[in-house]
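Below is one structure, written out as structure tokens; the observations come after it.
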Amino acid sequence: MLNIAATLSYAPALYIPCNQNWSTKPPLTCKKLKPISSASSSSHTIDEQISSVPGSSTGIAKSKERVFFLDVNPICYKGSSPSLQSFARWISLFFSQVSLDHPVIAVFDGEGGHEHRKQILPSYKAHRVKFLRHIYTVKGIEHIPSGRSDRTVIDFLENCNVPVLKLEGQEADDVIATLANQVLNRGKKVVIASPDKDFKQLISEDVQLVQPVPELERWSFYTLKHYIAQYNCDPQSDLSLRCIIGDEVDGVPGIQNLVPGFGRKTALKLIKKHGSLENLLNAAAVRTVGKQYVQEALTKYTSELRRNYQVLSLRR
């Protein structure tokens with residue numbers, strides 16, 4: 001079972017961000033805090049771990065402390081191609097401008113983490129190319145897939161004393177969702193650093209996203225107010241909405257791929273009226289819930305929509 005206190009005690013110390021400019025290469029060293037005692041154990045609370053960070057406001061009840069979860073894999077890509085340069089740029093901005101002295105936990109997709117979703121939907125993240133490593137042969141330099149290709153990124157983060165989690169058979173999204181609940185239960189706020197739209201289903205007063213914005217060359221916070229302004233509905237409806245409209249980036253087809261004309265506007269109207277995908281499908285099974293093409297689509301593709309729900313919902 002995942003434990004947030006044990007996770008923060010995993011690293012010997014938390015980090016102070018580097019101020020070095022390294023758009024193409026990571027810095028060789030990072031300034032470190034005084035290490036936490038090696039006697040730290042999972043019985044220590046997250047409050048004790050965070051209070052060791054200079055500038056933390058433990059005991060000063062002005063605002064809730066924040067714990068950052070960094071979803072590493074997406075920032076290691078430029079489009080669908082692996083890019084260490086992309087990681088270097090975004091992690092530099094993240095340390096220097098976003099997380100500052102707040103505690104950070106970096107989470108990677110574990111080996112085989114996508115498999116349970118791929119079994120449900122083979123197209124899930126099928127476009128993503130794995131990192132390659134170079135090997136020297138008699139024919140010259142060749143590139144081969146490597147199961148340890150993200151070792152460089154992990155080593156860098158560990159050198160910055162950022163706790164790193166990579167659990168075999170688990171996607172980073174599910175690990176973050178699990179630990180985020182533990183942080184909230186301890187009275188802290190959560191900030192999830194990721195471009196992944198899956199995390200919008202977690203947004204609340206105490207859960208924010210911070211997303212990389214390539215065109216602006218910076219990270220941007222995305223809060224509950226932003227979500228309501230964008231979609232005019234509660235984030236609790238986000239998962240149901242995305243099950244209908246799909247997620248092209250993750251290879252999850254929306255209903256508009258099957259029924260042209262059934263787009264976001266129609267889906268949003270239906271979800272706002274019925275509250276959830278399950279309520280909508282149950283209603284469509286016994287009565288008319290919209291125009292003929294809507295009714296036919298919901299009854300004909302019920303299994304596909306429920307499949308999307310299985311793939312897109314975050315597991316704890």
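Just remember, in the structure tokens the first chain shown is A, the second B, etc., residues are 1-based per chain, and ligands are 1-based in the order shown.
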
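By only C-alpha atoms, and with residues fewer than 5 positions from Leu298 in chain A along its chain excluded, the set lying at most 9 Å from it is Ile255, Leu280, Leu281, Ala284, Ala285, Tyr293 and Leu305 of chain A.
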
Can I get the selected residues back with C-alpha atoms, as an mmCIF file, in the first residue's frame?
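Below is the file that was written, again_12.cif:
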```cif
data_model
loop_
_atom_site.group_PDB
_atom_site.id
_atom_site.type_symbol
_atom_site.label_atom_id
_atom_site.label_comp_id
_atom_site.auth_asym_id
_atom_site.auth_seq_id
_atom_site.Cartn_x
_atom_site.Cartn_y
_atom_site.Cartn_z
ATOM 1 C CA ILE A 255 -18.299 9.168 -29.994
ATOM 2 C CA LEU A 280 -27.167 9.220 -18.954
ATOM 3 C CA LEU A 281 -26.778 5.680 -20.296
ATOM 4 C CA ALA A 284 -31.209 6.404 -22.591
ATOM 5 C CA ALA A 285 -31.941 2.719 -22.073
ATOM 6 C CA TYR A 293 -29.074 10.571 -33.675
ATOM 7 C CA LEU A 305 -18.637 4.477 -23.730
#
```

* Please provide as a list in words all residues within 8 Å of Ala126 in chain A, with the sequence filter that same-chain residues fewer than 2 positions apart are discarded (counting only C-alpha atoms). => Pro122, Ser123, Tyr124, Arg128, Asp250 and Gly251 of chain A

Pull N, CA and C atoms from the residues just selected and write them as a PDB file, in the first residue's frame.
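Generated file (out14.pdb):
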```pdb
ATOM      1  N   PRO A 122      -6.752  -1.514 -27.085  1.00  0.00           N
ATOM      2  CA  PRO A 122      -5.409  -1.664 -27.662  1.00  0.00           C
ATOM      3  C   PRO A 122      -4.802  -0.362 -28.192  1.00  0.00           C
ATOM      4  N   SER A 123      -5.624   0.610 -28.577  1.00  0.00           N
ATOM      5  CA  SER A 123      -5.089   1.862 -29.119  1.00  0.00           C
ATOM      6  C   SER A 123      -4.586   2.812 -28.028  1.00  0.00           C
ATOM      7  N   TYR A 124      -4.753   2.444 -26.758  1.00  0.00           N
ATOM      8  CA  TYR A 124      -4.388   3.338 -25.667  1.00  0.00           C
ATOM      9  C   TYR A 124      -2.879   3.623 -25.683  1.00  0.00           C
ATOM     10  N   ARG A 128       2.882   6.463 -28.620  1.00  0.00           N
ATOM     11  CA  ARG A 128       4.056   6.965 -27.904  1.00  0.00           C
ATOM     12  C   ARG A 128       5.272   6.089 -28.169  1.00  0.00           C
ATOM     13  N   ASP A 250      -4.310  10.250 -26.049  1.00  0.00           N
ATOM     14  CA  ASP A 250      -4.125   8.927 -25.437  1.00  0.00           C
ATOM     15  C   ASP A 250      -4.691   7.791 -26.276  1.00  0.00           C
ATOM     16  N   GLY A 251      -5.206   8.099 -27.456  1.00  0.00           N
ATOM     17  CA  GLY A 251      -5.718   7.049 -28.327  1.00  0.00           C
ATOM     18  C   GLY A 251      -7.063   6.501 -27.902  1.00  0.00           C
TER      19      GLY A 251
END
```

* Top pick for closest residue to Pro74 in chain A, considering A:Glu248, A:Asp173, A:Asp196, A:Asp155 and counting only C-alpha atoms -> A:Asp196

* Mind the document's chain letters and residue numbers, and return as an MDAnalysis selection string the residues of range 130-252 of chain A that DSSP labels strand (DSSP E). => chainID A and resid 132:137 140:145 164:166 189:193 207:213 218:222

Restricting the output to C-alpha atoms, write the selected residues as a PDB file, in the first residue's frame.
```pdb
ATOM      1  CA  LEU A 132      16.115   4.674 -27.259  1.00  0.00           C
ATOM      2  CA  ARG A 133      19.693   4.203 -26.166  1.00  0.00           C
ATOM      3  CA  HIS A 134      22.826   4.180 -28.295  1.00  0.00           C
ATOM      4  CA  ILE A 135      25.046   1.137 -28.666  1.00  0.00           C
ATOM      5  CA  TYR A 136      28.252   0.845 -30.653  1.00  0.00           C
ATOM      6  CA  THR A 137      28.578  -2.097 -33.025  1.00  0.00           C
ATOM      7  CA  GLY A 140      28.461   1.906 -36.216  1.00  0.00           C
ATOM      8  CA  ILE A 141      26.002   3.495 -33.812  1.00  0.00           C
ATOM      9  CA  GLU A 142      22.691   1.685 -33.534  1.00  0.00           C
ATOM     10  CA  HIS A 143      19.584   2.543 -31.534  1.00  0.00           C
ATOM     11  CA  ILE A 144      17.747  -0.089 -29.553  1.00  0.00           C
ATOM     12  CA  PRO A 145      14.773   0.144 -27.199  1.00  0.00           C
ATOM     13  CA  VAL A 164      11.153   9.278  -7.190  1.00  0.00           C
ATOM     14  CA  LEU A 165       8.415   6.663  -7.508  1.00  0.00           C
ATOM     15  CA  LYS A 166       8.202   4.107 -10.300  1.00  0.00           C
ATOM     16  CA  LYS A 189      -3.137  21.130  -0.725  1.00  0.00           C
ATOM     17  CA  VAL A 190      -2.059  19.218  -3.813  1.00  0.00           C
ATOM     18  CA  VAL A 191      -0.540  20.621  -6.997  1.00  0.00           C
ATOM     19  CA  ILE A 192      -0.139  18.183  -9.903  1.00  0.00           C
ATOM     20  CA  ALA A 193       2.398  19.207 -12.532  1.00  0.00           C
ATOM     21  CA  VAL A 207      -6.252  20.271  -5.885  1.00  0.00           C
ATOM     22  CA  GLN A 208      -4.718  22.399  -8.629  1.00  0.00           C
ATOM     23  CA  LEU A 209      -2.904  21.597 -11.831  1.00  0.00           C
ATOM     24  CA  VAL A 210       0.133  23.343 -13.235  1.00  0.00           C
ATOM     25  CA  GLN A 211       0.634  22.706 -16.938  1.00  0.00           C
ATOM     26  CA  PRO A 212       3.497  23.387 -19.368  1.00  0.00           C
ATOM     27  CA  VAL A 213       2.494  25.933 -22.023  1.00  0.00           C
ATOM     28  CA  ARG A 218       6.283  28.649 -18.975  1.00  0.00           C
ATOM     29  CA  TRP A 219       4.157  26.611 -16.592  1.00  0.00           C
ATOM     30  CA  SER A 220       0.627  27.868 -15.946  1.00  0.00           C
ATOM     31  CA  PHE A 221      -1.642  27.124 -12.982  1.00  0.00           C
ATOM     32  CA  TYR A 222      -5.077  25.691 -13.715  1.00  0.00           C
TER      33      TYR A 222
END
```

* Got a sec: who's within 7 Å of Glu168 in chain A, counting only C-alpha atoms, leaving out chain neighbours fewer than 4 positions off, as a list in words? -> Gly110, Glu111, Gly112 and Gly113 of chain A

Residue subset to file, keeping C-alpha atoms, as a PDB file, in the first residue's frame:
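Here's the written file out.pdb:
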```
ATOM      1  CA  GLY A 110       6.115   1.738 -14.106  1.00  0.00           C
ATOM      2  CA  GLU A 111       7.152  -1.021 -16.473  1.00  0.00           C
ATOM      3  CA  GLY A 112       3.976  -2.498 -17.927  1.00  0.00           C
ATOM      4  CA  GLY A 113       1.912   0.260 -16.346  1.00  0.00           C
TER       5      GLY A 113
END
```

* Point out the residue among A:Pro82, A:Pro195, A:Gly254, A:Gly246 with the least atom-to-atom distance to Leu70 in chain A, counting only C-alpha atoms. => A:Pro195

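The environment of Lys125 in chain A within 12 Å, counting only C-alpha atoms and disregarding residues fewer than 5 places along the same chain, consists of Pro74, Ser80, Gly113, His114, Glu115, Arg117, Lys118, Gln119, Lys130, Glu171, Asp247, Glu248, Val249, Asp250, Gly251, Val252, Pro253, Val311 and Leu312 of chain A.
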
* **Between CA of Gly169 in chain A and CA of Gly187 in chain A - distance in Å to one decimal** => 29.4 Å

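Here CA of Val183 in chain A stands at a distance of 16.3 Å from CA of Arg315 in chain A.
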
* Ile154 in chain A surroundings by only C-alpha atoms, 12 Å radius, close-in-sequence under 2 positions cut, as a count of residues only -> 26

* Asked: Residues of range 109-265 of chain A in helix (DSSP H, G or I) according to DSSP, as a PyMOL selection string?
  -> chain A and resi 115-120+151-159+172-185+197-202+214-216+224-231+235-245+255-257+264-265

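Closest approach to Leu239 in chain A among A:Arg307, A:Tyr301, A:Leu314, A:Glu205 is made by A:Leu314 (distances from only C-alpha atoms).
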